>>> print(open('upload.csv').read())   # CSV, C-alpha atoms and all ligand atoms
chain,number,residue,atom,x,y,z
A,1,MET,CA,39.1,-71.7,-23.4
A,2,ASN,CA,38.7,-67.9,-23.3
A,3,LYS,CA,37.3,-65.9,-26.2
A,4,PHE,CA,40.7,-64.9,-27.4
A,5,SER,CA,42.1,-68.5,-27.6
A,6,ALA,CA,42.8,-70.3,-30.9
A,7,ARG,CA,42.6,-73.9,-32.1
A,8,VAL,CA,46.0,-74.0,-33.7
A,9,VAL,CA,49.0,-71.6,-33.8
A,10,ARG,CA,52.3,-71.8,-35.5
A,11,VAL,CA,55.2,-69.8,-34.1
A,12,SER,CA,58.9,-69.6,-34.8
A,13,ALA,CA,62.1,-68.4,-33.0
A,14,PRO,CA,65.6,-67.7,-34.2
A,15,GLY,CA,68.9,-69.3,-33.5
A,16,LYS,CA,71.8,-67.2,-32.0
A,17,LEU,CA,75.5,-66.5,-32.0
A,18,MET,CA,77.5,-64.9,-29.2
A,19,LEU,CA,79.4,-61.8,-30.3
A,20,LEU,CA,81.3,-61.0,-27.1
A,21,GLY,CA,81.4,-62.1,-23.5
A,22,GLU,CA,80.9,-65.9,-23.5
A,23,HIS,CA,81.8,-67.6,-20.2
A,24,ALA,CA,82.1,-64.3,-18.4
A,25,VAL,CA,78.3,-64.0,-18.7
A,26,VAL,CA,77.9,-67.2,-16.7
A,27,HIS,CA,79.8,-65.6,-13.9
A,28,GLN,CA,77.5,-62.6,-13.5
A,29,ARG,CA,78.9,-60.4,-16.2
A,30,SER,CA,77.3,-59.3,-19.5
A,31,CYS,CA,77.5,-60.3,-23.1
A,32,LEU,CA,76.4,-59.3,-26.7
A,33,VAL,CA,74.4,-61.8,-28.7
A,34,THR,CA,72.8,-61.6,-32.1
A,35,ALA,CA,69.8,-63.7,-33.3
A,36,MET,CA,70.5,-65.7,-36.4
A,37,ASP,CA,67.9,-66.0,-39.2
A,38,THR,CA,67.6,-69.7,-39.1
A,39,ARG,CA,64.4,-70.7,-37.2
A,40,LEU,CA,62.8,-73.3,-35.1
A,41,PHE,CA,59.1,-73.7,-36.0
A,42,MET,CA,56.5,-75.0,-33.6
A,43,THR,CA,52.8,-75.8,-34.2
A,44,LEU,CA,50.6,-76.0,-31.1
A,45,ALA,CA,47.0,-77.3,-31.0
A,46,LEU,CA,44.6,-77.8,-28.2
A,47,ALA,CA,43.7,-81.5,-27.7
A,48,PRO,CA,40.0,-82.5,-27.6
A,49,PRO,CA,38.5,-81.8,-24.1
A,50,HIS,CA,38.8,-85.5,-22.8
A,51,ASP,CA,42.5,-85.6,-23.7
A,52,LYS,CA,44.6,-84.4,-20.8
A,53,THR,CA,48.0,-85.2,-22.3
A,54,LEU,CA,51.0,-83.4,-23.7
A,55,THR,CA,51.9,-84.9,-27.1
A,56,ILE,CA,55.2,-84.0,-28.7
A,57,HIS,CA,56.4,-84.8,-32.2
A,58,ALA,CA,59.9,-83.4,-32.9
A,59,PRO,CA,61.4,-85.6,-35.6
A,60,ASP,CA,64.5,-83.4,-35.9
A,61,VAL,CA,65.6,-84.5,-32.5
A,62,LYS,CA,64.2,-88.1,-32.9
A,63,VAL,CA,61.1,-87.5,-30.9
A,64,GLN,CA,58.1,-89.4,-32.5
A,65,TRP,CA,54.7,-88.6,-31.0
A,66,VAL,CA,55.6,-89.0,-27.4
A,67,GLN,CA,52.6,-88.7,-25.2
A,68,ARG,CA,52.2,-88.3,-21.4
A,69,PRO,CA,49.6,-87.1,-18.9
A,70,LEU,CA,49.8,-83.3,-18.1
A,71,THR,CA,49.8,-84.2,-14.4
A,72,GLU,CA,53.1,-86.1,-14.8
A,73,VAL,CA,54.6,-83.1,-16.6
A,74,PHE,CA,53.4,-80.7,-13.9
A,75,GLU,CA,54.7,-83.0,-11.1
A,76,GLY,CA,58.1,-82.8,-12.7
A,77,HIS,CA,58.5,-86.5,-13.6
A,78,GLU,CA,61.7,-87.1,-15.5
A,79,PRO,CA,61.0,-86.8,-19.3
A,80,LEU,CA,60.5,-90.1,-21.0
A,81,ILE,CA,63.2,-89.1,-23.5
A,82,ARG,CA,65.9,-86.4,-23.5
A,83,GLY,CA,64.5,-84.6,-26.6
A,84,THR,CA,61.3,-83.5,-24.9
A,85,ARG,CA,62.8,-82.0,-21.7
A,86,PHE,CA,62.8,-78.3,-22.7
A,87,ILE,CA,59.2,-78.4,-24.0
A,88,GLU,CA,58.0,-80.3,-20.9
A,89,ARG,CA,59.6,-77.9,-18.5
A,90,ALA,CA,58.3,-74.9,-20.4
A,91,VAL,CA,54.8,-76.4,-20.4
A,92,ALA,CA,55.1,-77.1,-16.6
A,93,VAL,CA,56.2,-73.5,-15.9
A,94,PHE,CA,53.4,-72.1,-18.0
A,95,GLY,CA,50.8,-74.4,-16.3
A,96,ALA,CA,52.0,-73.4,-12.8
A,97,GLN,CA,51.6,-69.7,-13.7
A,98,PHE,CA,48.3,-69.7,-15.7
A,99,GLY,CA,46.8,-73.1,-15.2
A,100,LEU,CA,46.5,-75.6,-18.1
A,101,THR,CA,43.7,-78.1,-18.0
A,102,GLN,CA,43.3,-79.0,-21.6
A,103,GLY,CA,45.8,-81.3,-23.4
A,104,VAL,CA,48.2,-79.8,-26.0
A,105,ARG,CA,49.8,-81.2,-29.1
A,106,ILE,CA,53.1,-79.8,-30.2
A,107,ILE,CA,55.0,-80.4,-33.4
A,108,THR,CA,58.4,-78.9,-34.0
A,109,SER,CA,60.6,-78.6,-37.1
A,110,SER,CA,63.8,-76.7,-37.6
A,111,ASP,CA,65.5,-75.2,-40.5
A,112,PHE,CA,68.9,-75.5,-38.8
A,113,ASP,CA,70.9,-78.5,-37.8
A,114,SER,CA,70.9,-78.8,-34.0
A,115,THR,CA,74.6,-79.8,-34.1
A,116,LEU,CA,75.7,-76.3,-35.2
A,117,GLY,CA,75.3,-75.0,-31.7
A,118,LEU,CA,72.9,-72.2,-32.7
A,119,GLY,CA,70.6,-72.6,-29.8
A,120,SER,CA,67.8,-74.9,-30.5
A,121,SER,CA,66.9,-75.5,-26.9
A,122,SER,CA,66.4,-71.8,-26.1
A,123,ALA,CA,64.3,-71.4,-29.3
A,124,THR,CA,62.2,-74.4,-28.2
A,125,VAL,CA,61.5,-72.8,-24.8
A,126,ALA,CA,60.7,-69.5,-26.4
A,127,CYS,CA,58.3,-71.1,-29.0
A,128,THR,CA,56.6,-73.2,-26.3
A,129,LEU,CA,55.8,-70.3,-24.0
A,130,TYR,CA,54.9,-67.9,-26.7
A,131,GLY,CA,52.9,-70.5,-28.5
A,132,LEU,CA,50.9,-71.4,-25.4
A,133,SER,CA,50.3,-67.7,-24.7
A,134,GLN,CA,48.9,-67.2,-28.2
A,135,LEU,CA,46.9,-70.5,-28.2
A,136,LEU,CA,45.2,-69.6,-24.9
A,137,GLY,CA,44.9,-65.9,-25.5
A,138,ILE,CA,47.1,-64.8,-22.6
A,139,PRO,CA,49.3,-61.9,-23.9
A,140,LEU,CA,52.8,-61.8,-22.4
A,141,SER,CA,55.5,-59.2,-22.8
A,142,PRO,CA,59.0,-60.2,-23.9
A,143,ARG,CA,60.2,-59.8,-20.4
A,144,GLU,CA,57.4,-62.0,-18.9
A,145,LEU,CA,58.2,-64.6,-21.5
A,146,PHE,CA,61.9,-64.4,-20.6
A,147,ASP,CA,61.4,-64.7,-16.9
A,148,LEU,CA,59.2,-67.8,-17.3
A,149,GLY,CA,61.6,-69.2,-19.9
A,150,LEU,CA,64.5,-68.8,-17.6
A,151,GLN,CA,62.8,-70.8,-14.9
A,152,ALA,CA,62.3,-73.6,-17.5
A,153,VAL,CA,65.8,-73.5,-18.8
A,154,LEU,CA,67.3,-73.5,-15.3
A,155,GLN,CA,65.3,-76.6,-14.4
A,156,VAL,CA,67.0,-78.5,-17.2
A,157,GLN,CA,70.5,-77.0,-17.1
A,158,GLN,CA,71.6,-75.2,-14.0
A,159,LYS,CA,74.8,-73.7,-15.6
A,160,GLY,CA,73.4,-71.5,-18.4
A,161,SER,CA,73.4,-67.7,-18.3
A,162,GLY,CA,70.1,-67.3,-20.3
A,163,PHE,CA,71.7,-65.2,-23.0
A,164,ASP,CA,70.4,-67.6,-25.7
A,165,LEU,CA,66.8,-67.3,-24.4
A,166,ALA,CA,67.0,-63.5,-24.6
A,167,ALA,CA,68.1,-63.7,-28.2
A,168,ALA,CA,65.3,-66.2,-29.1
A,169,ILE,CA,62.6,-63.9,-27.5
A,170,TYR,CA,63.8,-60.4,-28.3
A,171,GLY,CA,65.6,-61.1,-31.6
A,172,GLY,CA,67.9,-58.5,-33.2
A,173,THR,CA,71.1,-57.9,-31.3
A,174,VAL,CA,71.0,-57.7,-27.6
A,175,TYR,CA,73.1,-56.6,-24.7
A,176,TYR,CA,72.4,-59.1,-21.9
A,177,ALA,CA,73.5,-58.5,-18.3
A,178,ASN,CA,73.5,-61.6,-16.1
A,179,PHE,CA,73.4,-59.7,-12.8
A,180,PRO,CA,70.5,-58.0,-11.0
A,181,PRO,CA,68.3,-56.6,-12.4
A,182,ARG,CA,69.3,-58.7,-15.4
A,183,GLU,CA,69.1,-56.0,-18.0
A,184,ILE,CA,68.1,-57.0,-21.6
A,185,MET,CA,68.8,-54.2,-24.0
A,186,PRO,CA,68.0,-54.5,-27.7
A,187,LEU,CA,70.5,-52.7,-29.9
A,188,ASP,CA,69.8,-51.2,-33.3
A,189,VAL,CA,72.5,-52.7,-35.5
A,190,PRO,CA,71.4,-53.8,-38.9
A,191,GLY,CA,74.1,-54.5,-41.4
A,192,LEU,CA,76.5,-56.4,-39.1
A,193,PRO,CA,79.0,-57.9,-41.6
A,194,LEU,CA,79.2,-61.3,-40.0
A,195,VAL,CA,80.8,-64.3,-41.5
A,196,VAL,CA,80.0,-67.7,-39.9
A,197,ALA,CA,81.9,-70.9,-40.3
A,198,TYR,CA,81.2,-74.3,-38.6
A,199,SER,CA,84.3,-76.0,-37.3
A,200,GLY,CA,83.0,-79.5,-38.0
A,201,ILE,CA,83.3,-80.3,-34.3
A,202,LYS,CA,80.2,-80.5,-32.1
A,203,ALA,CA,81.0,-79.1,-28.7
A,204,ASP,CA,79.1,-79.7,-25.5
A,205,THR,CA,78.4,-76.4,-23.8
A,206,ASP,CA,78.0,-77.9,-20.3
A,207,THR,CA,81.3,-79.7,-20.5
A,208,TYR,CA,83.2,-76.4,-21.4
A,209,VAL,CA,81.4,-74.4,-18.7
A,210,GLY,CA,82.5,-77.2,-16.3
A,211,TYR,CA,86.2,-76.8,-17.5
A,212,VAL,CA,86.1,-73.1,-16.9
A,213,ASN,CA,84.6,-73.6,-13.5
A,214,GLN,CA,87.5,-76.0,-12.6
A,215,ARG,CA,90.0,-73.4,-13.8
A,216,LEU,CA,88.2,-70.8,-11.7
A,217,GLU,CA,88.5,-73.0,-8.6
A,218,HIS,CA,92.3,-73.4,-9.2
A,219,TRP,CA,93.0,-69.8,-10.2
A,220,PRO,CA,90.2,-67.6,-8.8
A,221,ASP,CA,92.0,-64.2,-9.0
A,222,PRO,CA,93.4,-64.5,-12.6
A,223,MET,CA,90.1,-66.0,-13.8
A,224,MET,CA,88.0,-63.2,-12.2
A,225,SER,CA,90.3,-60.6,-13.7
A,226,ILE,CA,89.8,-62.2,-17.2
A,227,PHE,CA,86.0,-62.1,-16.7
A,228,ASP,CA,86.3,-58.5,-15.7
A,229,ALA,CA,88.4,-57.8,-18.9
A,230,MET,CA,85.7,-59.6,-20.9
A,231,GLN,CA,83.1,-57.3,-19.3
A,232,HIS,CA,85.1,-54.3,-20.5
A,233,LEU,CA,85.1,-55.7,-24.0
A,234,VAL,CA,81.4,-56.1,-23.9
A,235,PHE,CA,80.8,-52.4,-22.8
A,236,ALA,CA,83.2,-51.2,-25.5
A,237,GLY,CA,81.6,-53.6,-28.0
A,238,ARG,CA,78.1,-52.2,-27.2
A,239,ASP,CA,79.4,-48.8,-28.1
A,240,ALA,CA,81.1,-50.1,-31.3
A,241,LEU,CA,77.9,-51.8,-32.4
A,242,THR,CA,75.7,-48.8,-32.0
A,243,ALA,CA,78.3,-46.6,-33.7
A,244,ARG,CA,78.6,-49.4,-36.4
A,245,ASN,CA,82.4,-49.2,-36.0
A,246,TRP,CA,83.2,-52.7,-37.3
A,247,ALA,CA,86.9,-52.2,-37.4
A,248,TYR,CA,86.9,-51.5,-33.6
A,249,LEU,CA,84.5,-54.3,-32.9
A,250,GLY,CA,86.8,-56.7,-34.8
A,251,GLU,CA,89.7,-55.7,-32.5
A,252,LEU,CA,87.5,-56.4,-29.5
A,253,MET,CA,86.6,-59.8,-30.9
A,254,ASN,CA,90.3,-60.6,-31.4
A,255,ILE,CA,91.0,-59.7,-27.7
A,256,GLN,CA,88.0,-61.8,-26.6
A,257,HIS,CA,89.4,-64.8,-28.5
A,258,GLY,CA,92.7,-64.3,-26.7
A,259,LEU,CA,91.0,-64.4,-23.4
A,260,ALA,CA,88.9,-67.5,-24.4
A,261,HIS,CA,92.3,-69.1,-25.1
A,262,ALA,CA,93.5,-68.1,-21.6
A,263,ILE,CA,90.5,-69.6,-19.9
A,264,GLY,CA,91.1,-72.9,-21.7
A,265,VAL,CA,88.3,-73.2,-24.3
A,266,ASP,CA,90.2,-72.6,-27.5
A,267,THR,CA,91.4,-75.5,-29.7
A,268,PRO,CA,93.9,-75.9,-32.6
A,269,GLU,CA,91.1,-76.3,-35.1
A,270,LEU,CA,89.3,-73.1,-34.0
A,271,ALA,CA,92.5,-71.1,-33.8
A,272,ASN,CA,93.4,-72.3,-37.3
A,273,LEU,CA,90.1,-71.0,-38.7
A,274,ILE,CA,90.4,-67.7,-36.8
A,275,PHE,CA,93.9,-67.0,-38.0
A,276,ALA,CA,92.9,-67.9,-41.6
A,277,ALA,CA,90.0,-65.4,-41.4
A,278,ARG,CA,92.3,-62.6,-40.0
A,279,GLU,CA,95.0,-63.2,-42.6
A,280,ALA,CA,92.4,-62.9,-45.3
A,281,GLY,CA,91.5,-59.4,-44.1
A,282,ALA,CA,88.8,-59.8,-41.5
A,283,TYR,CA,88.5,-57.0,-39.0
A,284,GLY,CA,88.5,-59.7,-36.3
A,285,ALA,CA,87.6,-63.3,-35.7
A,286,LYS,CA,86.8,-65.4,-32.6
A,287,LEU,CA,85.1,-68.6,-31.4
A,288,SER,CA,81.5,-68.1,-30.7
A,289,GLY,CA,79.9,-69.8,-27.7
A,290,ALA,CA,81.4,-72.3,-25.3
A,291,GLY,CA,84.4,-73.2,-27.3
A,292,GLY,CA,85.9,-76.6,-28.1
A,293,GLY,CA,84.2,-76.5,-31.5
A,294,ASP,CA,80.9,-75.3,-33.0
A,295,CYS,CA,81.1,-72.0,-34.9
A,296,VAL,CA,83.7,-69.3,-35.4
A,297,ILE,CA,82.6,-65.8,-36.4
A,298,ALA,CA,84.5,-63.1,-38.3
A,299,LEU,CA,83.7,-59.5,-39.2
A,300,ALA,CA,84.7,-58.7,-42.8
A,301,PRO,CA,84.7,-55.5,-44.9
A,302,PRO,CA,82.5,-56.1,-47.9
A,303,GLU,CA,85.4,-56.2,-50.3
A,304,LYS,CA,87.1,-58.9,-48.2
A,305,ARG,CA,84.1,-61.0,-47.5
A,306,GLU,CA,84.6,-63.5,-50.3
A,307,ALA,CA,88.3,-63.9,-49.5
A,308,VAL,CA,87.5,-64.4,-45.8
A,309,GLU,CA,84.9,-67.1,-46.6
A,310,GLN,CA,87.4,-68.8,-49.0
A,311,ALA,CA,90.1,-68.8,-46.4
A,312,LEU,CA,87.8,-70.3,-43.8
A,313,ALA,CA,86.7,-73.0,-46.2
A,314,LYS,CA,90.3,-73.8,-47.1
A,315,ALA,CA,91.1,-74.1,-43.4
A,316,GLY,CA,88.4,-76.7,-43.0
A,317,GLY,CA,85.4,-74.6,-42.0
A,318,GLU,CA,82.0,-75.0,-43.4
A,319,ILE,CA,80.5,-71.5,-44.3
A,320,VAL,CA,77.0,-71.1,-42.8
A,321,LYS,CA,75.1,-68.6,-44.9
A,322,ILE,CA,72.7,-67.1,-42.4
A,323,ALA,CA,72.1,-63.5,-41.5
A,324,PRO,CA,72.4,-61.9,-38.0
A,325,HIS,CA,70.0,-59.5,-36.3
A,326,ALA,CA,66.9,-61.8,-37.1
A,327,ALA,CA,63.4,-61.3,-35.7
A,328,GLY,CA,62.6,-62.7,-32.3
A,329,VAL,CA,59.9,-65.2,-31.5
A,330,ARG,CA,56.8,-64.5,-33.6
A,331,LEU,CA,53.4,-65.8,-34.7
A,332,GLU,CA,53.4,-67.4,-38.2
A,333,LEU,CA,49.8,-68.6,-38.3
A,334,MET,CA,46.7,-68.7,-36.1
A,335,VAL,CA,43.5,-70.7,-36.8
A,336,ARG,CA,40.6,-69.8,-34.5
A,401,LIG,O1,77.9,-72.8,-26.8
A,401,LIG,P1,76.8,-71.8,-26.8
A,401,LIG,O2,76.6,-71.2,-28.1
A,401,LIG,O3,75.5,-72.4,-26.2
A,401,LIG,O4,77.2,-70.6,-25.9
A,401,LIG,C1,77.6,-70.8,-24.6
A,401,LIG,C2,77.9,-69.5,-23.9
A,401,LIG,C3,78.4,-69.6,-22.5
A,401,LIG,O5,78.6,-68.3,-22.0
A,401,LIG,C4,79.6,-70.4,-22.4
A,401,LIG,C5,77.3,-70.3,-21.6
A,401,LIG,C6,76.1,-69.4,-21.3
A,401,LIG,O6,75.0,-70.0,-21.0
A,401,LIG,O7,76.2,-68.2,-21.3
>>> encode(input="upload.csv", output="structure tokens", more="lines below")
Ligand code: PMV
Amino acid sequence: MNKFSARVVRVSAPGKLMLLGEHAVVHQRSCLVTAMDTRLFMTLALAPPHDKTLTIHAPDVKVQWVQRPLTEVFEGHEPLIRGTRFIERAVAVFGAQFGLTQGVRIITSSDFDSTLGLGSSSATVACTLYGLSQLLGIPLSPRELFDLGLQAVLQVQQKGSGFDLAAAIYGGTVYYANFPPREIMPLDVPGLPLVVAYSGIKADTDTYVGYVNQRLEHWPDPMMSIFDAMQHLVFAGRDALTARNWAYLGELMNIQHGLAHAIGVDTPELANLIFAAREAGAYGAKLSGAGGGDCVIALAPPEKREAVEQALAKAGGEIVKIAPHAAGVRLELMVR
């Protein structure tokens, strides 16, 4: 323990939604993502000196007081149950970098349903690394947290772009470039008039990333051209965001959705919601994330917001009342 360490800390990190550039960002392009104000909370405490275990209690994902020796976590043993894998990998990455000799107890709770696809795994990694840095008194910059977090994420799922981790750590609205030197640029865009609706269908991101990879294998040139087109939309969208030109951003979202259809990740249910939002006066609407289900997003002028929400609900969507541009990972409480 150093003199800046604490006995207990409580931290939190936001969820996220993709504004533009999904799938292309996996293939070394960039995207725009906004942090959503629905948070994962994590309490971390140092265990007594004789206790060299990692203990995890995460009832939201059915993890009840799972305990294992730190040595097993560091050696990369398979997690005992699936729900602990992101925490275990983040603890291992942190331990490899800074050393961790004392046991740690971690409790998580979330104010969002993990089925909504809002990014609970990236928030978990962000909370674990930031929480450990606060607990042990080792200050880390957002970029240092991100670089460590990405190592942890890629150990669990090789396919991800890391955009969700950038949102969980930096918060706000972020331009994220998944090519060297992996630029993460926070954008100043309060007041984004976003409407969110859950499609009622839980989609598995890895499965849809896999489908896109298959299509890429069969049709490399058209698929690469689509990813390039998405990249153009992201550049234009970044300008539209900073100029707060919502009508223009809405058009870009519509085009992105058309391209998502072309790469094979749209579904009749999603398209139905999206057309309903547009017909009710949205500037634009699209699927957000991997596709196949999860959430759709729309941009709506203030006077049309209610109509857009009603149209989405009538078309079978569940309106999710959460604000974009939320704060990134942060300290909620510290007990020394
Ligand atoms: O389904 P989500 O919200 O996790 O978003 C996935 C976005 C992808 O671009 C398809 C994957 C990624 O890691 O960037």
>>> residues_near_ligand(input="upload.csv", ligand="ligand LIG 401 (chain A)", cutoff="10 Å", atoms="all atoms listed in the file", output="PDB file with C-alpha atoms, in the coordinates of the input")
ATOM      1  CA  GLY A  15      68.900 -69.300 -33.500  1.00  0.00           C
ATOM      2  CA  LYS A  16      71.800 -67.200 -32.000  1.00  0.00           C
ATOM      3  CA  LEU A  17      75.500 -66.500 -32.000  1.00  0.00           C
ATOM      4  CA  MET A  18      77.500 -64.900 -29.200  1.00  0.00           C
ATOM      5  CA  LEU A  20      81.300 -61.000 -27.100  1.00  0.00           C
ATOM      6  CA  GLY A  21      81.400 -62.100 -23.500  1.00  0.00           C
ATOM      7  CA  GLU A  22      80.900 -65.900 -23.500  1.00  0.00           C
ATOM      8  CA  HIS A  23      81.800 -67.600 -20.200  1.00  0.00           C
ATOM      9  CA  ALA A  24      82.100 -64.300 -18.400  1.00  0.00           C
ATOM     10  CA  VAL A  25      78.300 -64.000 -18.700  1.00  0.00           C
ATOM     11  CA  VAL A  26      77.900 -67.200 -16.700  1.00  0.00           C
ATOM     12  CA  HIS A  27      79.800 -65.600 -13.900  1.00  0.00           C
ATOM     13  CA  GLN A  28      77.500 -62.600 -13.500  1.00  0.00           C
ATOM     14  CA  ARG A  29      78.900 -60.400 -16.200  1.00  0.00           C
ATOM     15  CA  SER A  30      77.300 -59.300 -19.500  1.00  0.00           C
ATOM     16  CA  CYS A  31      77.500 -60.300 -23.100  1.00  0.00           C
ATOM     17  CA  VAL A  33      74.400 -61.800 -28.700  1.00  0.00           C
ATOM     18  CA  LEU A 116      75.700 -76.300 -35.200  1.00  0.00           C
ATOM     19  CA  GLY A 117      75.300 -75.000 -31.700  1.00  0.00           C
ATOM     20  CA  LEU A 118      72.900 -72.200 -32.700  1.00  0.00           C
ATOM     21  CA  GLY A 119      70.600 -72.600 -29.800  1.00  0.00           C
ATOM     22  CA  SER A 120      67.800 -74.900 -30.500  1.00  0.00           C
ATOM     23  CA  SER A 121      66.900 -75.500 -26.900  1.00  0.00           C
ATOM     24  CA  SER A 122      66.400 -71.800 -26.100  1.00  0.00           C
ATOM     25  CA  GLN A 157      70.500 -77.000 -17.100  1.00  0.00           C
ATOM     26  CA  GLN A 158      71.600 -75.200 -14.000  1.00  0.00           C
ATOM     27  CA  LYS A 159      74.800 -73.700 -15.600  1.00  0.00           C
ATOM     28  CA  GLY A 160      73.400 -71.500 -18.400  1.00  0.00           C
ATOM     29  CA  SER A 161      73.400 -67.700 -18.300  1.00  0.00           C
ATOM     30  CA  GLY A 162      70.100 -67.300 -20.300  1.00  0.00           C
ATOM     31  CA  PHE A 163      71.700 -65.200 -23.000  1.00  0.00           C
ATOM     32  CA  ASP A 164      70.400 -67.600 -25.700  1.00  0.00           C
ATOM     33  CA  LEU A 165      66.800 -67.300 -24.400  1.00  0.00           C
ATOM     34  CA  TYR A 176      72.400 -59.100 -21.900  1.00  0.00           C
ATOM     35  CA  ASN A 178      73.500 -61.600 -16.100  1.00  0.00           C
ATOM     36  CA  LYS A 202      80.200 -80.500 -32.100  1.00  0.00           C
ATOM     37  CA  ALA A 203      81.000 -79.100 -28.700  1.00  0.00           C
ATOM     38  CA  ASP A 204      79.100 -79.700 -25.500  1.00  0.00           C
ATOM     39  CA  THR A 205      78.400 -76.400 -23.800  1.00  0.00           C
ATOM     40  CA  ASP A 206      78.000 -77.900 -20.300  1.00  0.00           C
ATOM     41  CA  THR A 207      81.300 -79.700 -20.500  1.00  0.00           C
ATOM     42  CA  TYR A 208      83.200 -76.400 -21.400  1.00  0.00           C
ATOM     43  CA  VAL A 209      81.400 -74.400 -18.700  1.00  0.00           C
ATOM     44  CA  GLY A 210      82.500 -77.200 -16.300  1.00  0.00           C
ATOM     45  CA  VAL A 212      86.100 -73.100 -16.900  1.00  0.00           C
ATOM     46  CA  ALA A 260      88.900 -67.500 -24.400  1.00  0.00           C
ATOM     47  CA  VAL A 265      88.300 -73.200 -24.300  1.00  0.00           C
ATOM     48  CA  LEU A 287      85.100 -68.600 -31.400  1.00  0.00           C
ATOM     49  CA  SER A 288      81.500 -68.100 -30.700  1.00  0.00           C
ATOM     50  CA  GLY A 289      79.900 -69.800 -27.700  1.00  0.00           C
ATOM     51  CA  ALA A 290      81.400 -72.300 -25.300  1.00  0.00           C
ATOM     52  CA  GLY A 291      84.400 -73.200 -27.300  1.00  0.00           C
ATOM     53  CA  GLY A 292      85.900 -76.600 -28.100  1.00  0.00           C
ATOM     54  CA  GLY A 293      84.200 -76.500 -31.500  1.00  0.00           C
ATOM     55  CA  ASP A 294      80.900 -75.300 -33.000  1.00  0.00           C
ATOM     56  CA  CYS A 295      81.100 -72.000 -34.900  1.00  0.00           C
TER      57      CYS A 295
END
>>> closest_residue(input="upload.csv", among="A:Leu154, A:Ala13, A:Met223, A:Ala315", to="Phe112 of chain A", atoms="all atoms listed in the file")
A:Ala13
>>> closest_residue(input="upload.csv", among="A:Thr242, A:Gln102, A:Thr108, A:Asn213", to="Leu136 of chain A", atoms="all atoms listed in the file")
A:Gln102
>>> residues_near_point(input="upload.csv", point="(92.7, -65.8, -22.2)", cutoff="12 Å", atoms="only C-alpha atoms", output="list in words")
Gly21, Glu22, His23, Ala24, Val212, Arg215, Pro222, Met223, Met224, Ser225, Ile226, Phe227, Asp228, Ala229, Met230, Asn254, Ile255, Gln256, His257, Gly258, Leu259, Ala260, His261, Ala262, Ile263, Gly264, Val265, Asp266 and Lys286 of chain A
>>> atom_distance(input="upload.csv", atom1="atom CA of Leu270 of chain A", atom2="atom CA of Phe235 of chain A")
25.0 Å
>>> atom_distance(input="upload.csv", atom1="atom CA of Val335 of chain A", atom2="atom CA of Val63 of chain A")
25.0 Å
>>> closest_residue(input="upload.csv", among="A:Ile184, A:Arg336, A:Ala96, A:Ile87", to="Tyr130 of chain A", atoms="all atoms listed in the file")
A:Ile87
>>> closest_residue(input="upload.csv", among="A:Met253, A:Leu46, A:Val8, A:Ala58", to="Thr101 of chain A", atoms="all atoms listed in the file")
A:Leu46
>>> atom_distance(input="upload.csv", atom1="atom CA of Val308 of chain A", atom2="atom CA of Pro14 of chain A")
25.0 Å
>>> closest_residue(input="upload.csv", among="A:Leu252, A:Ile169, A:Leu44, A:Leu273", to="Ala326 of chain A", atoms="only C-alpha atoms")
A:Ile169
>>> residues_near_point(input="upload.csv", point="(50.7, -81.5, -16.6)", cutoff="8 Å", atoms="all atoms listed in the file", output="list in words")
Lys52, Thr53, Leu54, Pro69, Leu70, Thr71, Glu72, Val73, Phe74, Glu75, Val91, Ala92, Gly95, Leu100 and Thr101 of chain A
>>> write_last_selection(input="upload.csv", atoms="C-alpha atoms", output="mmCIF file, keeping the file's coordinate frame")
data_model
loop_
_atom_site.group_PDB
_atom_site.id
_atom_site.type_symbol
_atom_site.label_atom_id
_atom_site.label_comp_id
_atom_site.auth_asym_id
_atom_site.auth_seq_id
_atom_site.Cartn_x
_atom_site.Cartn_y
_atom_site.Cartn_z
ATOM 1 C CA LYS A 52 44.600 -84.400 -20.800
ATOM 2 C CA THR A 53 48.000 -85.200 -22.300
ATOM 3 C CA LEU A 54 51.000 -83.400 -23.700
ATOM 4 C CA PRO A 69 49.600 -87.100 -18.900
ATOM 5 C CA LEU A 70 49.800 -83.300 -18.100
ATOM 6 C CA THR A 71 49.800 -84.200 -14.400
ATOM 7 C CA GLU A 72 53.100 -86.100 -14.800
ATOM 8 C CA VAL A 73 54.600 -83.100 -16.600
ATOM 9 C CA PHE A 74 53.400 -80.700 -13.900
ATOM 10 C CA GLU A 75 54.700 -83.000 -11.100
ATOM 11 C CA VAL A 91 54.800 -76.400 -20.400
ATOM 12 C CA ALA A 92 55.100 -77.100 -16.600
ATOM 13 C CA GLY A 95 50.800 -74.400 -16.300
ATOM 14 C CA LEU A 100 46.500 -75.600 -18.100
ATOM 15 C CA THR A 101 43.700 -78.100 -18.000
#
>>> residues_around(input="upload.csv", residues="His57 of chain A", least_positions_apart="2", cutoff="10 Å", atoms="all atoms listed in the file", output="short mmCIF file (atom, residue, chain, number, x, y, z; two decimals) with C-alpha atoms, keeping the file's coordinate frame")
data_model
loop_
_atom_site.label_atom_id
_atom_site.label_comp_id
_atom_site.auth_asym_id
_atom_site.auth_seq_id
_atom_site.Cartn_x
_atom_site.Cartn_y
_atom_site.Cartn_z
CA MET A 42 56.50 -75.00 -33.60
CA THR A 43 52.80 -75.80 -34.20
CA THR A 55 51.90 -84.90 -27.10
CA PRO A 59 61.40 -85.60 -35.60
CA ASP A 60 64.50 -83.40 -35.90
CA VAL A 61 65.60 -84.50 -32.50
CA LYS A 62 64.20 -88.10 -32.90
CA VAL A 63 61.10 -87.50 -30.90
CA GLN A 64 58.10 -89.40 -32.50
CA TRP A 65 54.70 -88.60 -31.00
CA VAL A 66 55.60 -89.00 -27.40
CA GLN A 67 52.60 -88.70 -25.20
CA GLY A 83 64.50 -84.60 -26.60
CA THR A 84 61.30 -83.50 -24.90
CA ARG A 105 49.80 -81.20 -29.10
CA ILE A 106 53.10 -79.80 -30.20
CA ILE A 107 55.00 -80.40 -33.40
CA THR A 108 58.40 -78.90 -34.00
CA SER A 109 60.60 -78.60 -37.10
#
